[in-house]
$ cat entry.csv   # CSV, C-alpha atoms
chain,number,residue,atom,x,y,z
A,65,MET,CA,-7.3,9.6,-5.4
A,66,ASP,CA,-4.0,11.0,-4.3
A,67,THR,CA,-4.5,14.7,-3.6
A,68,TYR,CA,-1.2,15.5,-5.4
A,69,PHE,CA,-2.2,13.6,-8.6
A,70,ARG,CA,-5.8,14.8,-9.4
A,71,GLY,CA,-5.4,14.8,-13.1
A,72,ASN,CA,-5.5,17.4,-15.9
A,73,SER,CA,-6.7,21.0,-15.5
A,74,HIS,CA,-10.4,20.1,-15.9
A,75,GLU,CA,-10.1,17.4,-13.4
A,76,VAL,CA,-8.3,19.6,-10.9
A,77,GLU,CA,-10.9,22.3,-11.3
A,78,PHE,CA,-13.6,19.7,-10.7
A,79,CYS,CA,-11.9,18.4,-7.6
A,80,ASN,CA,-11.5,21.9,-6.2
A,81,SER,CA,-15.1,22.7,-6.9
A,82,ALA,CA,-16.1,19.4,-5.1
A,83,GLY,CA,-13.8,20.1,-2.2
A,84,ALA,CA,-12.0,16.8,-3.0
A,85,GLY,CA,-8.6,16.7,-1.5
A,86,GLY,CA,-6.8,15.9,1.8
A,87,ASN,CA,-8.0,12.9,3.9
A,88,HIS,CA,-11.7,13.2,3.1
A,89,LEU,CA,-14.8,11.8,1.4
A,90,VAL,CA,-17.2,14.1,-0.4
A,91,ALA,CA,-20.4,13.4,-2.2
A,92,VAL,CA,-21.0,15.5,-5.3
A,93,THR,CA,-22.7,15.7,-8.6
A,94,ALA,CA,-20.7,15.2,-11.8
A,95,ALA,CA,-20.4,19.0,-11.9
A,96,GLY,CA,-18.6,19.0,-8.6
A,97,GLN,CA,-21.6,20.5,-6.7
A,98,PRO,CA,-21.8,19.2,-3.1
A,99,ILE,CA,-25.0,17.3,-2.5
A,100,GLY,CA,-27.5,18.3,0.2
A,101,ASP,CA,-26.8,21.5,1.9
A,102,GLY,CA,-23.1,21.2,1.2
A,103,LYS,CA,-22.3,21.5,4.8
A,104,GLY,CA,-20.6,18.8,6.8
A,105,GLN,CA,-19.1,17.2,3.8
A,106,ARG,CA,-15.4,16.9,4.4
A,107,GLY,CA,-14.7,14.9,7.4
A,108,HIS,CA,-18.4,14.0,7.9
A,109,VAL,CA,-19.3,11.9,4.8
A,110,ARG,CA,-18.6,8.3,5.7
A,111,LEU,CA,-19.2,5.0,3.8
A,112,LEU,CA,-22.2,4.2,5.9
A,113,GLU,CA,-25.7,3.8,4.7
A,114,LYS,CA,-27.0,6.2,7.3
A,115,ASP,CA,-24.7,8.9,5.9
A,116,LEU,CA,-25.1,8.2,2.2
A,117,ALA,CA,-28.8,7.4,2.0
A,118,PRO,CA,-30.0,11.0,2.7
A,119,LEU,CA,-27.4,12.3,0.2
A,120,LEU,CA,-28.8,10.0,-2.5
A,121,THR,CA,-32.3,11.2,-1.8
A,122,ALA,CA,-31.1,14.8,-2.1
A,123,PHE,CA,-29.4,14.0,-5.4
A,124,ARG,CA,-32.5,12.4,-6.9
A,125,ALA,CA,-34.4,15.6,-6.0
A,126,LEU,CA,-32.1,17.7,-8.1
A,127,PRO,CA,-33.1,18.9,-11.6
A,128,GLU,CA,-31.8,16.7,-14.4
A,129,SER,CA,-29.8,19.6,-15.8
A,130,VAL,CA,-27.9,19.6,-12.4
A,131,ARG,CA,-27.6,15.8,-12.1
A,132,LYS,CA,-26.4,15.5,-15.7
A,133,PRO,CA,-24.2,18.6,-16.5
A,134,GLN,CA,-22.5,19.2,-19.8
A,135,LEU,CA,-18.8,18.4,-19.4
A,136,PRO,CA,-16.1,20.6,-20.9
A,137,ASP,CA,-14.3,19.4,-24.1
A,138,PRO,CA,-11.5,17.2,-22.8
A,139,ASN,CA,-9.3,18.4,-25.7
A,140,SER,CA,-9.2,21.8,-24.1
A,141,ALA,CA,-7.7,20.5,-20.8
A,142,THR,CA,-4.1,21.2,-19.9
A,143,PRO,CA,-2.2,17.9,-19.2
A,144,PRO,CA,-1.5,17.0,-15.6
A,145,LYS,CA,1.4,18.9,-14.0
A,146,ARG,CA,2.4,15.6,-12.3
A,147,PRO,CA,1.3,12.7,-14.4
A,148,VAL,CA,1.0,9.4,-12.6
A,149,PRO,CA,4.0,7.2,-13.4
A,150,LYS,CA,3.6,4.0,-15.2
A,151,ALA,CA,5.4,0.7,-14.4
A,152,PRO,CA,8.5,0.0,-16.5
A,153,LYS,CA,7.8,-1.7,-19.8
A,154,ASN,CA,8.0,-5.5,-19.3
A,155,GLY,CA,8.8,-4.8,-15.7
A,156,LEU,CA,7.7,-6.7,-12.7
A,157,VAL,CA,5.0,-5.4,-10.4
A,158,VAL,CA,4.8,-6.7,-6.9
A,159,ARG,CA,2.2,-5.8,-4.2
A,160,GLY,CA,3.4,-5.7,-0.7
A,161,TYR,CA,1.4,-5.9,2.5
A,162,CYS,CA,2.2,-4.8,6.0
A,163,THR,CA,0.6,-5.6,9.3
A,164,TYR,CA,1.3,-5.6,13.0
A,165,LEU,CA,2.3,-8.9,14.6
A,166,LYS,CA,2.8,-10.3,18.0
A,167,THR,CA,4.2,-13.5,19.4
A,168,ASP,CA,1.8,-15.9,21.0
A,169,GLU,CA,2.4,-18.1,24.0
A,170,LEU,CA,3.9,-20.8,21.8
A,171,GLY,CA,6.3,-18.3,20.3
A,172,LYS,CA,4.5,-18.2,16.9
A,173,ALA,CA,3.9,-15.0,15.0
A,174,GLN,CA,0.2,-14.0,15.0
A,175,ARG,CA,-1.6,-10.8,13.9
A,176,ALA,CA,-1.8,-8.1,16.5
A,177,LYS,CA,-4.9,-5.8,16.6
A,178,ARG,CA,-3.9,-2.2,17.2
A,179,LEU,CA,-6.3,0.6,17.5
A,180,TYR,CA,-6.0,4.2,16.3
A,181,TYR,CA,-7.0,6.9,18.7
A,182,GLN,CA,-7.8,4.7,21.6
A,183,GLN,CA,-9.4,7.5,23.5
A,184,ASN,CA,-11.9,8.0,20.6
A,185,PRO,CA,-15.1,6.0,21.1
A,186,ASP,CA,-15.0,5.4,17.3
A,187,ALA,CA,-11.5,3.9,17.6
A,188,TRP,CA,-11.0,1.4,14.8
A,189,ALA,CA,-8.3,-1.2,14.2
A,190,ALA,CA,-5.4,-0.4,12.0
A,191,GLU,CA,-6.0,-2.2,8.7
A,192,THR,CA,-3.4,-4.1,6.7
A,193,GLN,CA,-1.5,-1.6,4.5
A,194,ASN,CA,-0.4,-2.3,1.0
A,195,ASP,CA,2.2,-0.8,-1.3
A,196,MET,CA,3.9,-1.6,-4.6
A,197,LEU,CA,7.4,-2.5,-5.7
A,198,TRP,CA,8.5,-2.1,-9.3
A,199,LEU,CA,11.4,-3.8,-10.9
A,200,THR,CA,12.7,-3.1,-14.4
A,201,GLU,CA,12.9,-6.0,-16.9
A,202,ALA,CA,16.7,-6.1,-16.5
A,203,GLU,CA,16.3,-6.3,-12.8
A,204,TRP,CA,13.8,-9.1,-12.6
A,205,ARG,CA,15.7,-11.1,-15.2
A,206,SER,CA,18.8,-10.8,-13.0
A,207,LEU,CA,17.0,-12.8,-10.3
A,208,ILE,CA,16.9,-15.9,-12.5
A,209,PRO,CA,20.2,-17.9,-12.3
A,210,LYS,CA,21.8,-18.5,-15.7
A,211,ASN,CA,23.2,-21.7,-14.3
A,212,GLY,CA,20.3,-24.2,-14.2
A,213,ALA,CA,21.9,-26.5,-11.7
A,214,THR,CA,19.9,-27.2,-8.5
A,215,GLY,CA,21.5,-25.5,-5.6
A,216,THR,CA,22.9,-22.6,-7.6
A,217,GLN,CA,22.9,-19.4,-5.6
A,218,ILE,CA,23.1,-15.8,-6.6
A,219,ILE,CA,23.2,-12.6,-4.6
A,220,VAL,CA,20.3,-10.3,-5.3
A,221,PRO,CA,21.7,-7.0,-6.8
A,222,LYS,CA,22.3,-4.4,-4.2
A,223,GLU,CA,19.9,-1.9,-5.8
A,224,ILE,CA,17.0,-4.3,-5.6
A,225,GLN,CA,17.8,-5.1,-2.0
A,226,ARG,CA,17.9,-1.4,-1.2
A,227,ARG,CA,14.6,-0.7,-2.9
A,228,PHE,CA,12.9,-3.7,-1.3
A,229,PHE,CA,14.1,-3.2,2.2
A,230,SER,CA,13.9,0.6,2.3
A,231,THR,CA,10.4,0.9,1.0
A,232,ILE,CA,8.2,-2.2,1.4
A,233,GLY,CA,10.4,-3.9,3.9
A,234,ILE,CA,9.9,-1.3,6.6
A,235,ASP,CA,7.0,-1.0,9.0
A,236,TYR,CA,4.7,1.3,7.0
A,237,MET,CA,1.5,0.8,9.0
A,238,GLU,CA,1.4,4.5,9.7
A,239,GLY,CA,1.1,5.1,5.9
A,240,SER,CA,2.8,8.4,5.1
A,241,VAL,CA,6.3,7.5,6.4
A,242,ASN,CA,9.7,8.0,4.8
A,243,ALA,CA,11.6,5.2,3.2
A,244,LEU,CA,14.4,4.2,5.6
A,245,PRO,CA,18.0,4.1,4.5
A,246,LEU,CA,19.4,0.6,4.3
A,247,ARG,CA,22.2,0.1,6.8
A,248,GLU,CA,23.1,-3.5,5.9
A,249,SER,CA,21.4,-6.4,4.1
A,250,THR,CA,21.8,-9.8,2.6
A,251,MET,CA,19.5,-11.4,0.1
A,252,THR,CA,20.2,-14.6,-1.8
A,253,ILE,CA,18.4,-16.7,-4.4
A,254,THR,CA,18.7,-20.4,-4.5
A,255,LEU,CA,17.6,-22.6,-7.3
A,256,GLU,CA,15.5,-25.2,-5.6
A,257,LYS,CA,14.4,-27.0,-8.7
A,258,PRO,CA,13.9,-26.0,-12.3
A,259,GLY,CA,11.4,-23.1,-12.3
A,260,GLN,CA,11.5,-22.5,-8.6
A,261,LEU,CA,13.7,-20.2,-6.6
A,262,ARG,CA,14.0,-19.7,-2.8
A,263,VAL,CA,14.7,-16.2,-1.5
A,264,ASP,CA,16.4,-15.6,1.9
A,265,GLY,CA,17.2,-12.3,3.3
A,266,HIS,CA,17.8,-10.0,6.2
A,267,GLY,CA,17.8,-6.2,6.3
A,268,LYS,CA,18.5,-3.5,8.8
A,269,MET,CA,16.9,-0.2,8.0
A,270,GLY,CA,17.0,3.3,9.6
A,271,LYS,CA,18.6,3.9,12.9
A,272,ALA,CA,19.9,1.2,15.2
A,273,SER,CA,17.8,0.5,18.3
A,274,THR,CA,18.9,2.2,21.5
A,275,ASP,CA,17.4,2.8,24.9
A,276,GLN,CA,16.4,6.3,23.7
A,277,SER,CA,14.6,5.2,20.6
A,278,GLN,CA,11.2,5.8,22.1
A,279,THR,CA,11.9,9.3,23.2
A,280,ASP,CA,14.6,10.9,21.1
A,281,PRO,CA,13.7,12.4,17.7
A,282,SER,CA,14.7,10.8,14.4
A,283,THR,CA,15.0,7.3,15.8
A,284,ARG,CA,13.0,5.1,13.4
A,285,GLY,CA,14.4,1.8,12.5
A,286,CYS,CA,13.5,-1.7,11.5
A,287,GLU,CA,15.1,-5.1,11.2
A,288,LEU,CA,13.5,-7.8,8.9
A,289,GLN,CA,14.0,-11.5,8.1
A,290,VAL,CA,12.7,-12.6,4.8
A,291,VAL,CA,11.9,-15.8,3.1
A,292,GLY,CA,10.2,-16.3,-0.3
A,293,ARG,CA,9.5,-18.4,-3.3
A,294,ILE,CA,9.7,-17.2,-6.9
A,295,ASP,CA,8.3,-19.4,-9.7
A,296,TYR,CA,9.3,-18.8,-13.3
A,297,ASP,CA,8.2,-20.3,-16.6
A,298,LEU,CA,11.2,-21.9,-18.3
A,299,GLU,CA,9.8,-21.7,-21.8
A,300,GLN,CA,8.3,-18.3,-21.7
A,301,LYS,CA,11.2,-17.0,-19.5
A,302,LYS,CA,9.0,-15.0,-17.2
A,303,ILE,CA,8.2,-14.9,-13.5
A,304,THR,CA,4.8,-16.4,-12.7
A,305,SER,CA,4.6,-16.0,-8.9
A,306,PHE,CA,6.5,-13.9,-6.3
A,307,ASP,CA,5.6,-15.0,-2.8
A,308,LEU,CA,7.7,-13.4,0.0
A,309,VAL,CA,7.1,-12.9,3.7
A,310,GLY,CA,9.1,-11.0,6.3
A,311,ILE,CA,9.0,-10.9,10.1
A,312,GLY,CA,10.5,-7.9,11.7
A,313,GLU,CA,10.8,-5.6,14.6
A,314,ALA,CA,10.5,-1.8,14.5
A,315,TRP,CA,11.2,1.0,16.9
A,316,GLY,CA,11.3,4.8,17.0
A,317,ASN,CA,9.6,7.8,18.4
A,318,LYS,CA,6.1,7.5,17.0
A,319,MET,CA,4.9,10.8,18.5
A,320,GLU,CA,7.9,12.6,16.9
A,321,TYR,CA,7.3,11.4,13.3
A,322,THR,CA,3.6,10.8,13.2
A,323,ARG,CA,2.3,13.2,15.9
A,324,ARG,CA,-0.2,10.6,17.0
A,325,GLU,CA,-0.3,7.4,18.9
A,326,ILE,CA,-1.4,4.1,17.6
A,327,GLY,CA,-1.1,2.7,21.1
A,328,ILE,CA,1.6,0.1,20.7
A,329,PRO,CA,3.1,-0.9,24.1
A,330,GLY,CA,6.8,-1.0,24.5
A,331,PRO,CA,9.8,0.5,22.7
A,332,ARG,CA,9.9,-2.2,20.0
A,333,TRP,CA,7.0,-3.9,18.2
A,334,LYS,CA,6.7,-6.7,15.7
A,335,TYR,CA,5.4,-6.4,12.2
A,336,GLY,CA,5.2,-8.6,9.1
A,337,ILE,CA,5.3,-8.0,5.4
A,338,ALA,CA,4.1,-10.2,2.5
A,339,CYS,CA,4.5,-9.9,-1.2
A,340,GLU,CA,2.6,-11.2,-4.3
A,341,LEU,CA,3.0,-10.8,-8.0
A,342,VAL,CA,0.6,-8.4,-9.7
A,343,THR,CA,-0.5,-9.0,-13.3
A,344,GLY,CA,-3.9,-7.3,-13.4
A,345,THR,CA,-4.9,-3.9,-14.6
A,346,ALA,CA,-7.4,-2.9,-12.0
A,347,PRO,CA,-7.0,0.6,-10.6
A,348,GLU,CA,-5.2,-0.6,-7.5
A,349,ASP,CA,-2.8,-2.7,-9.7
A,350,LEU,CA,-1.6,0.4,-11.5
A,351,LEU,CA,-0.7,2.5,-8.4
A,352,PRO,CA,2.9,3.6,-8.3
A,353,PRO,CA,5.0,2.7,-5.3
A,354,TYR,CA,4.4,5.1,-2.5
A,355,ASN,CA,8.0,6.2,-1.9
A,356,MET,CA,8.4,6.9,-5.6
A,357,LEU,CA,6.0,9.8,-5.2
A,358,HIS,CA,6.2,10.6,-1.5
A,359,TYR,CA,8.8,10.7,1.2
A,360,GLY,CA,11.3,8.8,-0.8
A,361,GLY,CA,14.2,10.7,0.5
A,362,LYS,CA,17.1,11.8,-1.7
A,363,ILE,CA,17.6,8.5,-3.3
A,364,LYS,CA,15.9,8.0,-6.6
A,365,TYR,CA,13.4,5.1,-6.8
A,366,PHE,CA,15.4,3.3,-9.5
A,367,GLY,CA,18.7,4.3,-8.1
A,368,GLU,CA,21.3,6.7,-9.7
B,255,MET,CA,-26.8,-3.0,-4.9
B,256,ASN,CA,-25.2,0.2,-3.9
B,257,PRO,CA,-26.8,2.9,-6.0
B,258,LEU,CA,-24.0,5.3,-5.7
B,259,LEU,CA,-21.2,5.6,-8.2
B,260,HIS,CA,-17.9,5.7,-6.6
B,261,ILE,CA,-14.9,7.5,-8.0
B,262,PHE,CA,-11.4,6.7,-7.7
B,263,LEU,CA,-11.2,4.4,-6.8
B,264,PRO,CA,4.8,-25.2,9.8
B,265,ILE,CA,4.5,-25.8,10.1
B,266,THR,CA,5.2,-25.8,13.8
B,267,THR,CA,8.5,-24.1,14.0
B,268,ALA,CA,8.2,-21.5,16.8
B,269,LEU,CA,9.3,-18.0,16.1
B,270,SER,CA,10.6,-16.8,19.3
B,271,THR,CA,11.7,-13.2,19.9
B,272,SER,CA,15.3,-14.2,19.7
B,273,ALA,CA,14.8,-15.8,16.3
B,274,LEU,CA,13.4,-12.5,14.9
B,275,LEU,CA,16.7,-10.8,15.4
B,276,ALA,CA,19.1,-13.7,14.9
B,277,ASP,CA,21.1,-14.3,11.8
B,278,GLU,CA,19.1,-17.5,11.5
B,279,ALA,CA,16.9,-17.4,8.4
B,280,LEU,CA,13.2,-17.7,8.5
B,281,PRO,CA,12.2,-21.4,7.8
B,282,PRO,CA,10.8,-21.8,4.3
B,283,VAL,CA,8.1,-24.0,5.6
B,284,GLU,CA,6.5,-21.0,7.4
B,285,LEU,CA,6.1,-19.2,4.1
B,286,ASP,CA,2.5,-20.3,3.2
B,287,ARG,CA,1.2,-19.8,6.8
B,288,LEU,CA,2.7,-16.3,7.0
B,289,LEU,CA,1.4,-15.3,3.6
B,290,THR,CA,-2.1,-16.1,4.8
B,291,LEU,CA,-1.5,-14.5,8.1
B,292,ILE,CA,-0.1,-11.2,6.9
B,293,LYS,CA,-2.3,-10.6,3.8
B,294,PRO,CA,-5.6,-8.8,4.4
B,295,GLN,CA,-8.1,-10.9,6.2
B,296,ALA,CA,-11.6,-11.6,4.9
B,297,GLY,CA,-13.9,-8.7,5.9
B,298,GLU,CA,-11.1,-6.6,7.2
B,299,SER,CA,-11.7,-3.7,4.9
B,300,PRO,CA,-15.2,-3.8,3.4
B,301,TRP,CA,-14.7,-0.4,1.7
B,302,ARG,CA,-12.0,-1.9,-0.5
B,303,GLU,CA,-14.6,-4.2,-2.0
B,304,ILE,CA,-16.3,-1.2,-3.7
B,305,ASP,CA,-15.6,-1.0,-7.4
B,306,TRP,CA,-13.6,2.2,-7.2
B,307,LEU,CA,-12.5,4.2,-10.2
B,308,THR,CA,-9.4,6.3,-10.3
B,309,ASP,CA,-10.0,8.3,-13.5
B,310,VAL,CA,-11.9,11.5,-12.7
B,311,THR,CA,-13.2,12.1,-16.2
B,312,GLU,CA,-14.3,8.5,-16.7
B,313,ALA,CA,-16.2,8.7,-13.3
B,314,ARG,CA,-17.9,11.9,-14.3
B,315,GLN,CA,-19.0,10.5,-17.6
B,316,ARG,CA,-20.4,7.4,-16.0
B,317,ALA,CA,-22.1,9.4,-13.3
B,318,ILE,CA,-23.9,11.3,-16.0
B,319,ALA,CA,-24.7,8.3,-18.1
B,320,GLU,CA,-26.0,6.3,-15.1
B,321,ASP,CA,-27.6,9.3,-13.4
B,322,LYS,CA,-25.7,8.8,-10.2
B,323,PRO,CA,-23.8,11.0,-7.7
B,324,LEU,CA,-20.2,10.6,-7.0
B,325,VAL,CA,-18.4,9.8,-3.7
B,326,ILE,CA,-14.8,10.9,-3.9
B,327,PHE,CA,-12.3,9.5,-1.5
B,328,THR,CA,-9.0,11.3,-1.4
B,329,ALA,CA,-5.9,11.0,0.7
B,330,ALA,CA,-3.4,13.8,1.5
B,331,ASP,CA,-0.3,11.7,0.5
B,332,GLY,CA,-0.9,8.6,-1.6
B,333,SER,CA,-4.0,6.8,-2.8
B,334,PRO,CA,-6.5,5.3,-0.4
B,335,LEU,CA,-6.2,2.2,-2.4
B,336,GLY,CA,-2.5,2.0,-1.7
B,337,ARG,CA,-0.4,3.2,1.2
B,338,THR,CA,-1.5,6.4,2.9

$ encode --input "entry.csv" --output "structure tokens"
Amino acid sequence: MDTYFRGNSHEVEFCNSAGAGGNHLVAVTAAGQPIGDGKGQRGHVRLLEKDLAPLLTAFRALPESVRKPQLPDPNSATPPKRPVPKAPKNGLVVRGYCTYLKTDELGKAQRAKRLYYQQNPDAWAAETQNDMLWLTEAEWRSLIPKNGATGTQIIVPKEIQRRFFSTIGIDYMEGSVNALPLRESTMTITLEKPGQLRVDGHGKMGKASTDQSQTDPSTRGCELQVVGRIDYDLEQKKITSFDLVGIGEAWGNKMEYTRREIGIPGPRWKYGIACELVTGTAPEDLLPPYNMLHYGGKIKYFGE
Amino acid sequence: MNPLLHIFLPITTALSTSALLADEALPPVELDRLLTLIKPQAGESPWREIDWLTDVTEARQRAIAEDKPLVIFTAADGSPLGRT
């Protein structure tokens, strides 16, 4: 749950009662009552059997009236102040992934294991991040060449390039980071054969890299090379797959913008992004793009 | 079975450092290898395999119906299931 989107008035009240908010896990009854002695919940409940088993035992010892409370009439709830946005009707939903990379001795890109809080004995590896990209129906249709001749090329509309490179084309392994302004980019689509398109692109985001990027404030930047493949159904006229990868380098003063160190050596580091089409309706498929809701800057997600 | 109800829930073309910043495009033949490389790896995030819910009211109703407690996972900015 996103702390800023906890639902209607009943749901917010429940979350407040439960202490659910911020970067935490809590274990509670359906009434929002913390389980156990209520102490050591936020920041101490972890998804480990040794943490959860005693809480389950404590829950089972509660009276049924506590375990199964009466819920308020949902019709009496005030709607959410900030409803969760929905994807555009007939739009395209793409999931992006981001991870750290390194170059091996043969010069090939490989995954790089990076640790959070290296001084902490519980240090854990940074996990692959994921985010969403939404395109309107008009936008994704604009990616399909009207001329069906093999080799036909079109330039991806600037707004799509901006949204892609600035939000899911950056290094967002730190999670809560701003979208980066797009300094320059190219992205072309080539019709390889009927029903299949190739994507090639290159973007420069944020600030240019300098010798002071690691120490000066406000120095975040990235540069990304992209290649991809889009399949579309000629008869149904819809995109059926959207596979894209990018290899990039990032730089910037991590301590200045995240106030913590993920322990990446050197002033520049490598990262990779990958994209896939989303057609499901699982909770994770319905999440809005991160920068639509947080740290998107002054530029509207779908442009002006 | 976890008894707790959870809410919310080349190819061989070398990519040298110089190639990462060059105007030279990424070779398309690397696409499938890089897709597999960059996407989440098996077992990387076991907590994501939990059948999370994201609707608070639905989760409370199921907790009552199934006589289970709730584990609520929140993030300050963003959803734990997405970027945060």

$ atom_distance --input "entry.csv" --atom1 "CA of Ala190 (chain A)" --atom2 "CA of Arg178 (chain A)"
5.7 Å

$ atom_distance --input "entry.csv" --atom1 "CA of Gly360 (chain A)" --atom2 "CA of Trp315 (chain A)"
19.3 Å

$ residues_around --input "entry.csv" --residues "Glu348 (chain A)" --least-positions-apart "5" --cutoff "10 Å" --atoms "all atoms listed in the file" --output "list in words"
Arg159, Asn194, Asp195, Met196 and Val342 of chain A; Phe262, Leu263, Arg302, Trp306, Leu307, Thr308, Ser333, Pro334, Leu335 and Gly336 of chain B

$ atom_distance --input "entry.csv" --atom1 "CA of Thr279 (chain A)" --atom2 "CA of Gly312 (chain A)"
20.7 Å

$ residues_around --input "entry.csv" --residues "Ser299 (chain B)" --least-positions-apart "3" --cutoff "12 Å" --atoms "all atoms listed in the file" --output "list in words"
Leu111, Trp188, Ala189, Ala190, Glu191, Thr192 and Gln193 of chain A; Lys293, Pro294, Gln295, Ala296, Arg302, Glu303, Ile304, Pro334 and Leu335 of chain B

$ closest_residue --input "entry.csv" --among "A:Ser140, A:Glu223, A:Ala91, A:His74" --to "chain B" --atoms "all atoms listed in the file"
A:Ala91

$ interface_residues --input "entry.csv" --of "chain A" --to "chain B" --cutoff "6 Å" --atoms "all atoms listed in the file" --output "VMD selection string"
chain A and resid 65 to 67 85 to 94 132 171 to 172 192 to 195 239 to 240 291 338 348

$ residues_near_point --input "entry.csv" --point "(11.5, -5.2, 1.1)" --cutoff "9 Å" --atoms "all atoms listed in the file" --output "number ranges by chain"
A: 160, 197, 224-234, 267, 288, 290, 310, 337, 339

$ closest_residue --input "entry.csv" --among "A:Asn355, A:Leu207, A:Lys177, A:Leu119" --to "Leu165 (chain A)" --atoms "all atoms listed in the file"
A:Lys177

$ closest_residue --input "entry.csv" --among "A:Gly155, A:Gly259, A:Gly71, A:Tyr161" --to "Pro138 (chain A)" --atoms "all atoms listed in the file"
A:Gly71

$ closest_residue --input "entry.csv" --among "A:Leu244, A:Glu75, A:Pro152, A:Ile363" --to "Asp137 (chain A)" --atoms "all atoms listed in the file"
A:Glu75

$ closest_residue --input "entry.csv" --among "A:Gly316, A:Gly367, A:Pro143, A:Gly336" --to "Lys222 (chain A)" --atoms "all atoms listed in the file"
A:Gly367

$ closest_residue --input "entry.csv" --among "A:Val220, A:Leu246, A:Ile208, A:Ala346" --to "Lys301 (chain A)" --atoms "only C-alpha atoms"
A:Ile208

$ decode --input "entry.csv" --residues "region 289-305 of chain B" --atoms "N, CA and C atoms" --output "PDB file, in the first residue's frame"
ATOM      1  N   LEU B 289      16.893  -9.266 -21.817  1.00  0.00           N
ATOM      2  CA  LEU B 289      15.581  -9.364 -21.163  1.00  0.00           C
ATOM      3  C   LEU B 289      15.656 -10.337 -19.993  1.00  0.00           C
ATOM      4  N   THR B 290      16.254 -11.486 -20.220  1.00  0.00           N
ATOM      5  CA  THR B 290      16.385 -12.494 -19.170  1.00  0.00           C
ATOM      6  C   THR B 290      17.312 -12.003 -18.070  1.00  0.00           C
ATOM      7  N   LEU B 291      18.360 -11.307 -18.444  1.00  0.00           N
ATOM      8  CA  LEU B 291      19.352 -10.839 -17.476  1.00  0.00           C
ATOM      9  C   LEU B 291      18.777  -9.769 -16.551  1.00  0.00           C
ATOM     10  N   ILE B 292      18.014  -8.853 -17.100  1.00  0.00           N
ATOM     11  CA  ILE B 292      17.580  -7.676 -16.343  1.00  0.00           C
ATOM     12  C   ILE B 292      16.299  -7.924 -15.552  1.00  0.00           C
ATOM     13  N   LYS B 293      15.404  -8.727 -16.082  1.00  0.00           N
ATOM     14  CA  LYS B 293      14.164  -9.013 -15.345  1.00  0.00           C
ATOM     15  C   LYS B 293      14.488  -9.705 -14.027  1.00  0.00           C
ATOM     16  N   PRO B 294      13.571  -9.669 -13.074  1.00  0.00           N
ATOM     17  CA  PRO B 294      13.832 -10.305 -11.774  1.00  0.00           C
ATOM     18  C   PRO B 294      14.252 -11.757 -11.929  1.00  0.00           C
ATOM     19  N   GLN B 295      15.229 -12.148 -11.143  1.00  0.00           N
ATOM     20  CA  GLN B 295      15.738 -13.513 -11.186  1.00  0.00           C
ATOM     21  C   GLN B 295      14.919 -14.410 -10.262  1.00  0.00           C
ATOM     22  N   ALA B 296      14.891 -15.684 -10.585  1.00  0.00           N
ATOM     23  CA  ALA B 296      14.138 -16.645  -9.770  1.00  0.00           C
ATOM     24  C   ALA B 296      14.627 -16.608  -8.329  1.00  0.00           C
ATOM     25  N   GLY B 297      13.710 -16.474  -7.392  1.00  0.00           N
ATOM     26  CA  GLY B 297      14.067 -16.485  -5.979  1.00  0.00           C
ATOM     27  C   GLY B 297      14.631 -15.176  -5.459  1.00  0.00           C
ATOM     28  N   GLU B 298      14.685 -14.172  -6.292  1.00  0.00           N
ATOM     29  CA  GLU B 298      15.301 -12.903  -5.877  1.00  0.00           C
ATOM     30  C   GLU B 298      14.467 -12.204  -4.803  1.00  0.00           C
ATOM     31  N   SER B 299      13.173 -12.219  -4.962  1.00  0.00           N
ATOM     32  CA  SER B 299      12.296 -11.503  -4.030  1.00  0.00           C
ATOM     33  C   SER B 299      11.151 -12.421  -3.595  1.00  0.00           C
ATOM     34  N   PRO B 300      11.407 -13.334  -2.680  1.00  0.00           N
ATOM     35  CA  PRO B 300      10.364 -14.290  -2.266  1.00  0.00           C
ATOM     36  C   PRO B 300       9.103 -13.611  -1.756  1.00  0.00           C
ATOM     37  N   TRP B 301       9.253 -12.433  -1.167  1.00  0.00           N
ATOM     38  CA  TRP B 301       8.082 -11.765  -0.593  1.00  0.00           C
ATOM     39  C   TRP B 301       7.096 -11.369  -1.683  1.00  0.00           C
ATOM     40  N   ARG B 302       7.559 -11.221  -2.916  1.00  0.00           N
ATOM     41  CA  ARG B 302       6.658 -10.856  -4.005  1.00  0.00           C
ATOM     42  C   ARG B 302       5.759 -12.017  -4.410  1.00  0.00           C
ATOM     43  N   GLU B 303       6.121 -13.207  -3.999  1.00  0.00           N
ATOM     44  CA  GLU B 303       5.321 -14.378  -4.369  1.00  0.00           C
ATOM     45  C   GLU B 303       4.087 -14.534  -3.483  1.00  0.00           C
ATOM     46  N   ILE B 304       4.012 -13.743  -2.439  1.00  0.00           N
ATOM     47  CA  ILE B 304       2.824 -13.753  -1.584  1.00  0.00           C
ATOM     48  C   ILE B 304       1.647 -13.184  -2.370  1.00  0.00           C
ATOM     49  N   ASP B 305       0.483 -13.712  -2.123  1.00  0.00           N
ATOM     50  CA  ASP B 305      -0.722 -13.278  -2.833  1.00  0.00           C
ATOM     51  C   ASP B 305      -1.271 -12.020  -2.190  1.00  0.00           C
TER      52      ASP B 305
END
